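Q: Next comes the structure file my_file33.cif, holding mmCIF, C-alpha atoms.
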```cif
data_work
#
loop_
_atom_site.label_atom_id
_atom_site.label_comp_id
_atom_site.auth_asym_id
_atom_site.auth_seq_id
_atom_site.Cartn_x
_atom_site.Cartn_y
_atom_site.Cartn_z
CA MET A 1 82.50 -15.42 29.10
CA ARG A 2 80.05 -14.78 26.31
CA ALA A 3 77.92 -17.75 27.42
CA PHE A 4 77.87 -16.42 30.98
CA PHE A 5 76.72 -13.02 29.72
CA LEU A 6 73.84 -14.57 27.77
CA LEU A 7 72.84 -16.64 30.77
CA LEU A 8 72.77 -13.51 32.92
CA VAL A 9 70.52 -11.77 30.39
CA LEU A 10 68.09 -14.70 30.35
CA VAL A 11 67.93 -14.76 34.16
CA ASN A 12 67.18 -11.05 34.25
CA LEU A 13 64.43 -11.48 31.64
CA ALA A 14 62.91 -14.34 33.62
CA PHE A 15 63.00 -12.31 36.82
CA PHE A 16 61.43 -9.34 35.07
CA ALA A 17 58.63 -11.48 33.65
CA TYR A 18 57.91 -13.04 37.05
CA GLY A 19 57.82 -9.67 38.76
CA HIS A 20 55.46 -8.25 36.07
CA VAL A 21 53.03 -11.13 36.46
CA ALA A 22 53.16 -10.91 40.24
CA LEU A 23 52.40 -7.20 40.21
CA GLU A 24 49.57 -7.64 37.78
CA GLY A 25 48.18 -10.72 39.50
CA GLY A 26 46.32 -8.78 42.13
CA GLY A 27 44.40 -7.00 39.42
CA ILE A 28 43.43 -10.04 37.42
CA GLU A 29 39.90 -10.22 38.86
CA GLY A 30 39.46 -6.54 38.22
CA ARG A 31 40.54 -6.97 34.62
CA ILE A 32 38.17 -9.89 34.17
CA SER A 33 35.29 -7.77 35.46
CA GLN A 34 36.17 -5.17 32.85
CA LEU A 35 35.74 -7.81 30.18
CA GLN A 36 32.16 -8.66 31.19
CA ILE A 37 29.60 -7.64 28.54
CA ALA A 38 27.36 -4.77 29.58
CA ALA A 39 23.92 -5.31 28.02
CA GLU A 40 23.03 -1.66 28.16
CA ARG A 41 26.03 -0.84 25.98
CA ILE A 42 25.04 -3.24 23.20
CA LYS A 43 23.78 -1.69 19.97
CA LEU A 44 22.50 -3.81 17.10
CA ILE A 45 24.03 -2.94 13.77
CA ARG A 46 21.76 -3.56 10.75
CA ALA A 47 23.18 -4.83 7.52
CA GLY A 48 24.58 -1.97 5.49
CA GLU A 49 25.03 0.41 8.47
CA PRO A 50 28.55 1.69 9.20
CA VAL A 51 30.14 0.32 12.36
CA PRO A 52 30.59 3.15 14.90
CA SER A 53 34.19 3.95 15.74
CA ASN A 54 35.52 4.66 19.23
CA LYS A 55 38.32 6.80 17.88
CA PRO A 56 37.96 10.49 18.72
CA ARG A 57 37.19 12.69 15.77
CA ALA A 58 39.64 15.32 14.73
CA PRO A 59 38.38 18.78 15.73
CA GLY A 60 36.56 20.57 12.95
CA LYS A 61 36.15 17.43 10.84
CA ALA A 62 32.49 16.91 9.91
CA ILE A 63 30.88 13.49 9.75
CA PRO A 64 30.07 12.69 6.10
CA PRO A 65 26.33 12.31 5.52
CA ALA A 66 24.95 8.84 4.90
CA PRO A 67 24.25 8.10 1.23
CA PRO A 68 20.57 8.60 0.31
CA LYS A 69 18.45 5.49 0.04
CA THR A 70 17.36 4.56 -3.45
CA ALA A 71 13.56 4.80 -3.71
CA SER A 72 11.84 1.96 -5.48
CA VAL A 73 9.99 3.00 -8.63
CA VAL A 74 6.25 2.32 -8.34
CA PRO A 75 4.34 2.44 -11.63
CA ALA A 76 1.48 4.92 -11.80
CA THR A 77 -2.01 3.49 -11.42
CA CYS A 78 -4.75 4.13 -13.95
CA LEU A 79 -8.40 3.32 -14.37
CA GLU A 80 -8.90 1.77 -17.79
CA TRP A 81 -12.32 2.28 -19.37
CA GLY A 82 -13.09 0.61 -22.69
CA ASN A 83 -13.43 -0.48 -25.30
CA PHE A 84 -15.34 1.86 -27.62
CA ALA A 85 -15.80 2.17 -31.36
CA GLY A 86 -17.48 4.72 -33.60
CA PRO A 87 -20.01 7.03 -31.92
CA GLY A 88 -19.60 5.17 -28.61
CA ALA A 89 -16.02 6.44 -28.32
CA ALA A 90 -17.16 10.04 -28.87
CA ARG A 91 -19.91 9.70 -26.27
CA ALA A 92 -17.50 8.23 -23.73
CA GLU A 93 -14.99 11.00 -24.34
CA ALA A 94 -17.69 13.64 -23.85
CA ALA A 95 -18.75 11.96 -20.59
CA LEU A 96 -15.17 12.04 -19.30
CA ALA A 97 -14.90 15.72 -20.20
CA ARG A 98 -17.77 16.46 -17.81
CA LEU A 99 -15.65 15.17 -14.90
CA ASP A 100 -13.45 18.30 -15.21
CA LEU A 101 -10.21 16.40 -14.62
CA ALA A 102 -6.75 17.97 -14.73
CA PRO A 103 -5.14 18.42 -18.17
CA GLY A 104 -3.22 15.30 -19.12
CA GLN A 105 -4.95 13.11 -16.54
CA VAL A 106 -6.99 11.32 -19.23
CA GLU A 107 -5.19 9.40 -21.97
CA ARG A 108 -6.80 7.97 -25.10
CA ALA A 109 -5.35 4.79 -26.57
CA VAL A 110 -6.28 2.99 -29.77
CA VAL A 111 -6.33 -0.79 -29.39
CA ASP A 112 -6.84 -3.74 -31.68
CA ALA A 113 -9.96 -5.32 -30.30
CA GLY A 114 -11.53 -8.68 -30.88
CA GLY A 115 -14.91 -9.98 -29.84
CA TYR A 116 -18.34 -10.63 -31.22
CA TRP A 117 -19.30 -8.22 -33.96
CA VAL A 118 -22.93 -7.33 -34.62
CA HIS A 119 -23.07 -5.86 -38.10
CA ILE A 120 -24.79 -5.67 -41.45
CA PRO A 121 -22.62 -7.44 -44.05
CA PRO A 122 -20.85 -5.31 -46.67
CA LEU A 123 -23.18 -3.66 -49.17
CA ARG A 124 -22.29 -3.41 -52.84
CA ASN A 125 -21.57 0.28 -52.94
CA LYS A 126 -21.80 3.55 -51.00
CA SER A 127 -25.29 4.31 -52.30
CA GLU A 128 -26.68 1.10 -50.83
CA ALA A 129 -24.83 1.77 -47.57
CA ASP A 130 -26.36 5.27 -47.38
CA ARG A 131 -29.83 3.85 -48.01
CA LYS A 132 -29.36 1.28 -45.22
CA VAL A 133 -28.21 4.05 -42.88
CA ARG A 134 -31.46 5.95 -43.50
CA GLU A 135 -33.45 2.79 -42.78
CA LEU A 136 -31.64 2.28 -39.48
CA ARG A 137 -32.35 5.83 -38.37
CA ASP A 138 -36.02 5.44 -39.30
CA LEU A 139 -36.09 2.36 -37.04
CA GLY A 140 -34.63 4.35 -34.15
CA VAL A 141 -31.09 2.90 -34.38
CA THR A 142 -28.61 5.78 -34.04
CA GLU A 143 -25.36 4.16 -32.88
CA PHE A 144 -23.52 2.59 -35.81
CA PHE A 145 -20.81 3.39 -38.29
CA VAL A 146 -20.05 2.46 -41.86
CA VAL A 147 -16.72 0.73 -42.48
CA GLN A 148 -14.90 2.80 -45.09
CA ASP A 149 -11.48 1.15 -45.06
CA ALA A 150 -10.46 -0.59 -48.27
CA GLY A 151 -10.85 -4.34 -48.03
CA PRO A 152 -13.48 -7.05 -47.76
CA TRP A 153 -15.43 -5.21 -45.02
CA ARG A 154 -15.84 -1.94 -46.91
CA ASN A 155 -19.46 -0.63 -46.71
CA ALA A 156 -20.34 -3.01 -43.87
CA ILE A 157 -22.31 -1.31 -41.09
CA SER A 158 -21.02 -1.96 -37.58
CA LEU A 159 -23.71 -1.95 -34.91
CA GLY A 160 -21.71 -3.09 -31.88
CA ILE A 161 -18.77 -5.13 -30.61
CA PHE A 162 -19.17 -7.32 -27.53
CA ARG A 163 -16.84 -9.35 -25.35
CA THR A 164 -19.18 -12.34 -25.11
CA ASP A 165 -21.42 -14.13 -27.57
CA GLU A 166 -24.28 -13.93 -25.08
CA ALA A 167 -24.13 -10.12 -24.98
CA ALA A 168 -23.97 -9.97 -28.76
CA GLN A 169 -26.97 -12.27 -29.17
CA THR A 170 -29.00 -10.23 -26.69
CA PHE A 171 -28.20 -7.02 -28.57
CA LEU A 172 -29.01 -8.65 -31.91
CA ALA A 173 -32.40 -9.81 -30.60
CA GLY A 174 -33.20 -6.22 -29.61
CA LEU A 175 -32.32 -5.00 -33.09
CA LYS A 176 -34.59 -7.59 -34.69
CA GLU A 177 -37.44 -6.47 -32.44
CA ARG A 178 -36.97 -2.97 -33.89
CA GLY A 179 -37.18 -4.37 -37.39
CA VAL A 180 -33.50 -4.69 -38.33
CA ARG A 181 -33.55 -7.97 -40.25
CA SER A 182 -30.21 -7.98 -42.06
CA ALA A 183 -27.94 -7.74 -39.00
CA ILE A 184 -25.84 -10.76 -37.99
CA THR A 185 -23.18 -11.55 -35.37
CA ALA A 186 -19.77 -13.10 -35.91
CA ARG A 187 -16.56 -13.68 -33.97
CA ARG A 188 -13.69 -11.47 -35.14
CA GLU A 189 -10.10 -11.03 -33.94
CA ASN A 190 -8.35 -7.68 -34.12
CA PHE A 191 -10.44 -6.55 -37.04
CA LEU A 192 -11.42 -3.07 -35.86
CA LYS A 193 -9.64 -0.31 -34.05
CA GLN A 194 -11.25 0.58 -30.76
CA VAL A 195 -10.57 3.21 -28.13
CA ALA A 196 -9.77 2.81 -24.45
CA PHE A 197 -9.47 5.67 -21.96
CA TYR A 198 -6.99 5.76 -19.06
CA VAL A 199 -7.57 8.03 -16.05
CA ARG A 200 -4.23 8.56 -14.31
CA GLU A 201 -4.02 8.43 -10.49
CA PRO A 202 -7.77 8.92 -9.91
CA SER A 203 -9.11 10.14 -6.59
CA GLU A 204 -11.83 8.24 -4.73
CA ALA A 205 -14.38 10.79 -5.95
CA THR A 206 -13.28 10.31 -9.56
CA VAL A 207 -13.55 6.52 -9.24
CA ALA A 208 -17.09 6.84 -7.88
CA GLU A 209 -18.12 9.25 -10.65
CA LEU A 210 -16.65 7.06 -13.37
CA MET A 211 -18.46 4.00 -12.06
CA LEU A 212 -21.72 5.94 -12.29
CA ILE A 213 -20.97 7.04 -15.85
CA GLN A 214 -20.10 3.48 -16.84
CA GLN A 215 -23.70 2.43 -16.11
CA ASP A 216 -24.72 4.41 -19.22
CA PHE A 217 -22.32 2.22 -21.23
CA PRO A 218 -23.34 -1.31 -20.14
CA ASP A 219 -21.06 -2.99 -22.66
CA SER A 220 -17.96 -1.18 -21.37
CA GLU A 221 -15.66 -2.24 -18.57
CA VAL A 222 -13.75 -0.30 -15.90
CA LYS A 223 -10.66 -1.88 -14.33
CA ALA A 224 -7.56 -0.73 -12.46
CA GLY A 225 -4.04 -1.36 -13.65
CA PRO A 226 -0.72 0.24 -14.56
CA CYS A 227 -0.80 3.26 -16.83
CA PRO A 228 0.32 2.79 -20.42
CA PRO A 229 3.85 3.95 -21.31
CA ALA A 230 4.11 7.64 -22.08
CA GLN A 231 4.00 8.34 -25.77
CA GLY A 232 7.29 9.76 -26.95
#
```
Would you encode the structure as C-alpha cells?
A:
Amino acid sequence: MRAFFLLLVLVNLAFFAYGHVALEGGGIEGRISQLQIAAERIKLIRAGEPVPSNKPRAPGKAIPPAPPKTASVVPATCLEWGNFAGPGAARAEAALARLDLAPGQVERAVVDAGGYWVHIPPLRNKSEADRKVRELRDLGVTEFFVVQDAGPWRNAISLGIFRTDEAAQTFLAGLKERGVRSAITARRENFLKQVAFYVREPSEATVAELMLIQQDFPDSEVKAGPCPPAQG
C-alpha cells in the first residue's frame, strides 16, 4: 500500500512537470527574445568604478558620494641661476631684487662648487694681501675677494671660478693684458662655497627678464629643474 502511494505521488509529479512545460512552451521564443543583448543598454564599466545595481533604493536613503581621487604630487619647478662667489653673488642678488618678485619666490642656496679657479696664490700675510688688492684696483680689476678662512689658501685672492678650462684661460689672458702678472688658474674640487639662486614657479615674463639679466653675468648659467627642499 505504501509503495502504491509513492507511485501515485511520482505520477502526479510527472504529470505536473509535463503540464508546466507544455504551458510554458508556447512562450519559449518570447523568452529567448528577452535574452537577446540590447546594444543600447550596454554601459562600459571602467576598472575601479562600482557596478550599478538594479535594486530599487530605499526611500530617503542617499547615495554615498564616490571617494575623492588622490591627486599626484608634482614637484614645484624652479629656475636655477648660478654659481656665484664673492662680489658676483651680491651683484646677482641685487639684479634679482630689481625684478620685484613676490616674497619667498627667490631662494638662495650655498653650494660646494668645483671648477677652474683663477687666483693669486696665497700671500704671506694680510699686509701683503692688502697691498695686492690695491694693485688690482689700480689696474681696473674690481671683482675679487681675499680668502680669509684658516688653511693653506688663507690670503689667496680669488679672481673667478669657471666651469671650463677654456673659459678660465680666456679670463686669465684678459687679466694679463691689464697687467696682472701673478694670477694663475688651477682645477679645484669643492674648495669654495658658492651661491645659487632659485626662482620658484616663474612666469614667462620672469623667465624672459632673467635671461636678459644673465647676459650681464656671462660665466653664469640658467637652467630649469625641481626646487630645492624647503629648509626646515
Q: Please evaluate the PyMOL selection byres ((chain A and resi 179-185) around 10) against the structure above and give the resulting residues as number ranges by chain.
A: A: 116-121, 132, 135-136, 139-141, 157-162, 165, 168-169, 171-178, 186-188
Q: Using only C-alpha atoms, which residue out of A:Ala85, A:Arg108, A:Ala92, A:Thr164 lies closest to Val147 in chain A?
A: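 Using only C-alpha atoms, the shortest distance to Val147 in chain A belongs to A:Ala85.
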Q: Please measure the separation of CA of Pro122 in chain A and CA of Ser220 in chain A, giving the value in Å to one decimal.
A: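 Separation of CA of Pro122 in chain A and CA of Ser220 in chain A: 25.8 Å.
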Q: One decimal, in Å: what's the spacing between CA of Glu221 in chain A and CA of Glu80 in chain A?
A: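 Computing the Euclidean distance for CA of Glu221 in chain A and CA of Glu80 in chain A yields 7.9 Å.
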Q: Hey, can you check how far CA of Pro218 in chain A sits from CA of Ser203 in chain A?
A: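 For CA of Pro218 in chain A relative to CA of Ser203 in chain A, the distance reads 22.7 Å.
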Q: Decode the PyMOL selection byres ((chain A and resi 193) around 12) for the given file into explicit residues and return them as a PyMOL selection string.
A: chain A and resi 82-86+89+109-115+147+149+161+188-192+194-196
Q: Of the residues A:Phe145, A:Asn155, A:Trp81, A:Cys227, which is the one nearest to Val207 in chain A, using all atoms listed in the file?
A: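 Answer, going by the shortest atom-to-atom distance: A:Trp81.
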Q: Between A:Glu209, A:Gln215, A:Glu107, A:Glu93, single out the one closest to Pro229 in chain A, counting all atoms listed in the file.
A: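 Comparing A:Glu209, A:Gln215, A:Glu107, A:Glu93 against Pro229 in chain A, the winner is A:Glu107.
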Q: Between A:Leu101, A:Ala205, A:Arg124, A:Cys78, single out the one closest to Pro152 in chain A, counting only C-alpha atoms.
A: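 Ranking A:Leu101, A:Ala205, A:Arg124, A:Cys78 by distance to Pro152 in chain A, first place goes to A:Arg124.
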Q: Go through A:Glu128, A:Arg134, A:Thr142, A:Thr77 one by one, measure the shortest atom-to-atom distance of each to Gly225 in chain A using only C-alpha atoms, and give the residue with the smallest value.
A: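 Once distances to Gly225 in chain A are computed over only C-alpha atoms, the minimum belongs to A:Thr77.
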Q: Convert the output of the PyMOL selection byres ((chain A and resi 95) around 12) on the shown file into explicit residues, formatted as a PyMOL selection string.
A: chain A and resi 81+88-94+96-101+106+197+209-217
Q: Rank nothing, just name the residue among A:Leu123, A:Val146, A:Ala156, A:Leu79 nearest to Gln105 in chain A, using only C-alpha atoms.
A: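 Nearest to Gln105 in chain A: A:Leu79.
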Q: With all heavy atoms retained, output range 191-204 of chain A as a PDB file, in the first residue's frame.
A:
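Contents of decode.pdb, as written:
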```pdb
ATOM      1  N   PHE A 191      86.162  73.426  -3.248  1.00  0.00           N
ATOM      2  CA  PHE A 191      87.106  74.138  -2.395  1.00  0.00           C
ATOM      3  C   PHE A 191      86.593  75.492  -1.927  1.00  0.00           C
ATOM      4  O   PHE A 191      87.140  76.090  -1.009  1.00  0.00           O
ATOM      5  CB  PHE A 191      88.440  74.338  -3.128  1.00  0.00           C
ATOM      6  CG  PHE A 191      88.370  75.349  -4.236  1.00  0.00           C
ATOM      7  CD1 PHE A 191      88.997  76.578  -4.119  1.00  0.00           C
ATOM      8  CD2 PHE A 191      87.673  75.080  -5.399  1.00  0.00           C
ATOM      9  CE1 PHE A 191      88.924  77.503  -5.147  1.00  0.00           C
ATOM     10  CE2 PHE A 191      87.610  76.001  -6.418  1.00  0.00           C
ATOM     11  CZ  PHE A 191      88.239  77.213  -6.306  1.00  0.00           C
ATOM     12  N   LEU A 192      85.526  75.978  -2.577  1.00  0.00           N
ATOM     13  CA  LEU A 192      84.961  77.266  -2.179  1.00  0.00           C
ATOM     14  C   LEU A 192      83.444  77.159  -2.148  1.00  0.00           C
ATOM     15  O   LEU A 192      82.843  76.430  -2.940  1.00  0.00           O
ATOM     16  CB  LEU A 192      85.363  78.375  -3.157  1.00  0.00           C
ATOM     17  CG  LEU A 192      86.787  78.924  -3.046  1.00  0.00           C
ATOM     18  CD1 LEU A 192      87.026  79.934  -4.146  1.00  0.00           C
ATOM     19  CD2 LEU A 192      87.024  79.575  -1.684  1.00  0.00           C
ATOM     20  N   LYS A 193      82.869  77.882  -1.230  1.00  0.00           N
ATOM     21  CA  LYS A 193      81.414  77.955  -1.177  1.00  0.00           C
ATOM     22  C   LYS A 193      80.935  78.968  -2.205  1.00  0.00           C
ATOM     23  O   LYS A 193      81.448  80.075  -2.282  1.00  0.00           O
ATOM     24  CB  LYS A 193      80.943  78.377   0.218  1.00  0.00           C
ATOM     25  CG  LYS A 193      81.342  77.422   1.333  1.00  0.00           C
ATOM     26  CD  LYS A 193      80.635  76.096   1.212  1.00  0.00           C
ATOM     27  CE  LYS A 193      80.967  75.195   2.401  1.00  0.00           C
ATOM     28  NZ  LYS A 193      80.318  73.883   2.292  1.00  0.00           N
ATOM     29  N   GLN A 194      79.964  78.556  -2.978  1.00  0.00           N
ATOM     30  CA  GLN A 194      79.358  79.462  -3.946  1.00  0.00           C
ATOM     31  C   GLN A 194      77.861  79.546  -3.710  1.00  0.00           C
ATOM     32  O   GLN A 194      77.296  78.761  -2.939  1.00  0.00           O
ATOM     33  CB  GLN A 194      79.660  79.014  -5.376  1.00  0.00           C
ATOM     34  CG  GLN A 194      81.126  79.185  -5.753  1.00  0.00           C
ATOM     35  CD  GLN A 194      81.337  79.026  -7.247  1.00  0.00           C
ATOM     36  OE1 GLN A 194      80.830  78.115  -7.880  1.00  0.00           O
ATOM     37  NE2 GLN A 194      82.093  79.935  -7.817  1.00  0.00           N
ATOM     38  N   VAL A 195      77.227  80.475  -4.384  1.00  0.00           N
ATOM     39  CA  VAL A 195      75.804  80.747  -4.185  1.00  0.00           C
ATOM     40  C   VAL A 195      75.050  80.492  -5.483  1.00  0.00           C
ATOM     41  O   VAL A 195      75.501  80.872  -6.568  1.00  0.00           O
ATOM     42  CB  VAL A 195      75.586  82.208  -3.726  1.00  0.00           C
ATOM     43  CG1 VAL A 195      74.099  82.546  -3.664  1.00  0.00           C
ATOM     44  CG2 VAL A 195      76.240  82.429  -2.365  1.00  0.00           C
ATOM     45  N   ALA A 196      73.911  79.820  -5.343  1.00  0.00           N
ATOM     46  CA  ALA A 196      72.986  79.653  -6.460  1.00  0.00           C
ATOM     47  C   ALA A 196      71.632  80.220  -6.043  1.00  0.00           C
ATOM     48  O   ALA A 196      71.244  80.138  -4.869  1.00  0.00           O
ATOM     49  CB  ALA A 196      72.850  78.178  -6.838  1.00  0.00           C
ATOM     50  N   PHE A 197      70.916  80.801  -6.985  1.00  0.00           N
ATOM     51  CA  PHE A 197      69.600  81.369  -6.717  1.00  0.00           C
ATOM     52  C   PHE A 197      68.536  80.528  -7.423  1.00  0.00           C
ATOM     53  O   PHE A 197      68.728  80.093  -8.567  1.00  0.00           O
ATOM     54  CB  PHE A 197      69.525  82.819  -7.200  1.00  0.00           C
ATOM     55  CG  PHE A 197      70.477  83.733  -6.483  1.00  0.00           C
ATOM     56  CD1 PHE A 197      71.719  84.039  -7.028  1.00  0.00           C
ATOM     57  CD2 PHE A 197      70.142  84.294  -5.253  1.00  0.00           C
ATOM     58  CE1 PHE A 197      72.606  84.871  -6.375  1.00  0.00           C
ATOM     59  CE2 PHE A 197      71.029  85.125  -4.588  1.00  0.00           C
ATOM     60  CZ  PHE A 197      72.260  85.413  -5.142  1.00  0.00           C
ATOM     61  N   TYR A 198      67.419  80.311  -6.734  1.00  0.00           N
ATOM     62  CA  TYR A 198      66.297  79.558  -7.289  1.00  0.00           C
ATOM     63  C   TYR A 198      65.067  80.460  -7.323  1.00  0.00           C
ATOM     64  O   TYR A 198      64.664  80.988  -6.282  1.00  0.00           O
ATOM     65  CB  TYR A 198      66.008  78.313  -6.448  1.00  0.00           C
ATOM     66  CG  TYR A 198      67.109  77.274  -6.512  1.00  0.00           C
ATOM     67  CD1 TYR A 198      68.205  77.341  -5.650  1.00  0.00           C
ATOM     68  CD2 TYR A 198      67.062  76.239  -7.436  1.00  0.00           C
ATOM     69  CE1 TYR A 198      69.211  76.392  -5.702  1.00  0.00           C
ATOM     70  CE2 TYR A 198      68.068  75.291  -7.499  1.00  0.00           C
ATOM     71  CZ  TYR A 198      69.134  75.372  -6.630  1.00  0.00           C
ATOM     72  OH  TYR A 198      70.146  74.438  -6.695  1.00  0.00           O
ATOM     73  N   VAL A 199      64.486  80.617  -8.503  1.00  0.00           N
ATOM     74  CA  VAL A 199      63.250  81.398  -8.660  1.00  0.00           C
ATOM     75  C   VAL A 199      62.112  80.407  -8.797  1.00  0.00           C
ATOM     76  O   VAL A 199      62.033  79.660  -9.780  1.00  0.00           O
ATOM     77  CB  VAL A 199      63.333  82.329  -9.887  1.00  0.00           C
ATOM     78  CG1 VAL A 199      62.049  83.143 -10.007  1.00  0.00           C
ATOM     79  CG2 VAL A 199      64.543  83.252  -9.777  1.00  0.00           C
ATOM     80  N   ARG A 200      61.221  80.397  -7.831  1.00  0.00           N
ATOM     81  CA  ARG A 200      60.148  79.398  -7.757  1.00  0.00           C
ATOM     82  C   ARG A 200      58.976  79.767  -8.673  1.00  0.00           C
ATOM     83  O   ARG A 200      58.507  80.895  -8.667  1.00  0.00           O
ATOM     84  CB  ARG A 200      59.670  79.271  -6.307  1.00  0.00           C
ATOM     85  CG  ARG A 200      58.611  78.204  -6.074  1.00  0.00           C
ATOM     86  CD  ARG A 200      58.257  78.129  -4.612  1.00  0.00           C
ATOM     87  NE  ARG A 200      59.393  77.651  -3.830  1.00  0.00           N
ATOM     88  CZ  ARG A 200      59.622  76.346  -3.587  1.00  0.00           C
ATOM     89  NH1 ARG A 200      58.795  75.442  -4.071  1.00  0.00           N
ATOM     90  NH2 ARG A 200      60.663  75.986  -2.884  1.00  0.00           N
ATOM     91  N   GLU A 201      58.531  78.769  -9.453  1.00  0.00           N
ATOM     92  CA  GLU A 201      57.363  78.894 -10.335  1.00  0.00           C
ATOM     93  C   GLU A 201      57.373  80.224 -11.100  1.00  0.00           C
ATOM     94  O   GLU A 201      56.469  81.050 -10.955  1.00  0.00           O
ATOM     95  CB  GLU A 201      56.067  78.776  -9.519  1.00  0.00           C
ATOM     96  CG  GLU A 201      55.895  77.442  -8.806  1.00  0.00           C
ATOM     97  CD  GLU A 201      55.660  76.277  -9.750  1.00  0.00           C
ATOM     98  OE1 GLU A 201      55.500  76.518 -10.970  1.00  0.00           O
ATOM     99  OE2 GLU A 201      55.645  75.129  -9.284  1.00  0.00           O
ATOM    100  N   PRO A 202      58.385  80.468 -11.919  1.00  0.00           N
ATOM    101  CA  PRO A 202      58.474  81.763 -12.615  1.00  0.00           C
ATOM    102  C   PRO A 202      57.445  81.866 -13.737  1.00  0.00           C
ATOM    103  O   PRO A 202      57.101  80.870 -14.383  1.00  0.00           O
ATOM    104  CB  PRO A 202      59.900  81.741 -13.180  1.00  0.00           C
ATOM    105  CG  PRO A 202      60.184  80.287 -13.411  1.00  0.00           C
ATOM    106  CD  PRO A 202      59.490  79.552 -12.291  1.00  0.00           C
ATOM    107  N   SER A 203      56.986  83.083 -13.966  1.00  0.00           N
ATOM    108  CA  SER A 203      56.106  83.336 -15.107  1.00  0.00           C
ATOM    109  C   SER A 203      56.960  83.469 -16.370  1.00  0.00           C
ATOM    110  O   SER A 203      58.194  83.547 -16.306  1.00  0.00           O
ATOM    111  CB  SER A 203      55.311  84.621 -14.874  1.00  0.00           C
ATOM    112  OG  SER A 203      56.194  85.740 -14.819  1.00  0.00           O
ATOM    113  N   GLU A 204      56.299  83.495 -17.515  1.00  0.00           N
ATOM    114  CA  GLU A 204      57.025  83.652 -18.782  1.00  0.00           C
ATOM    115  C   GLU A 204      57.779  84.980 -18.803  1.00  0.00           C
ATOM    116  O   GLU A 204      58.909  85.063 -19.295  1.00  0.00           O
ATOM    117  CB  GLU A 204      56.054  83.562 -19.958  1.00  0.00           C
ATOM    118  CG  GLU A 204      55.442  82.183 -20.156  1.00  0.00           C
ATOM    119  CD  GLU A 204      54.561  82.123 -21.385  1.00  0.00           C
ATOM    120  OE1 GLU A 204      54.542  83.117 -22.152  1.00  0.00           O
ATOM    121  OE2 GLU A 204      53.894  81.099 -21.588  1.00  0.00           O
TER     122      GLU A 204
END
```
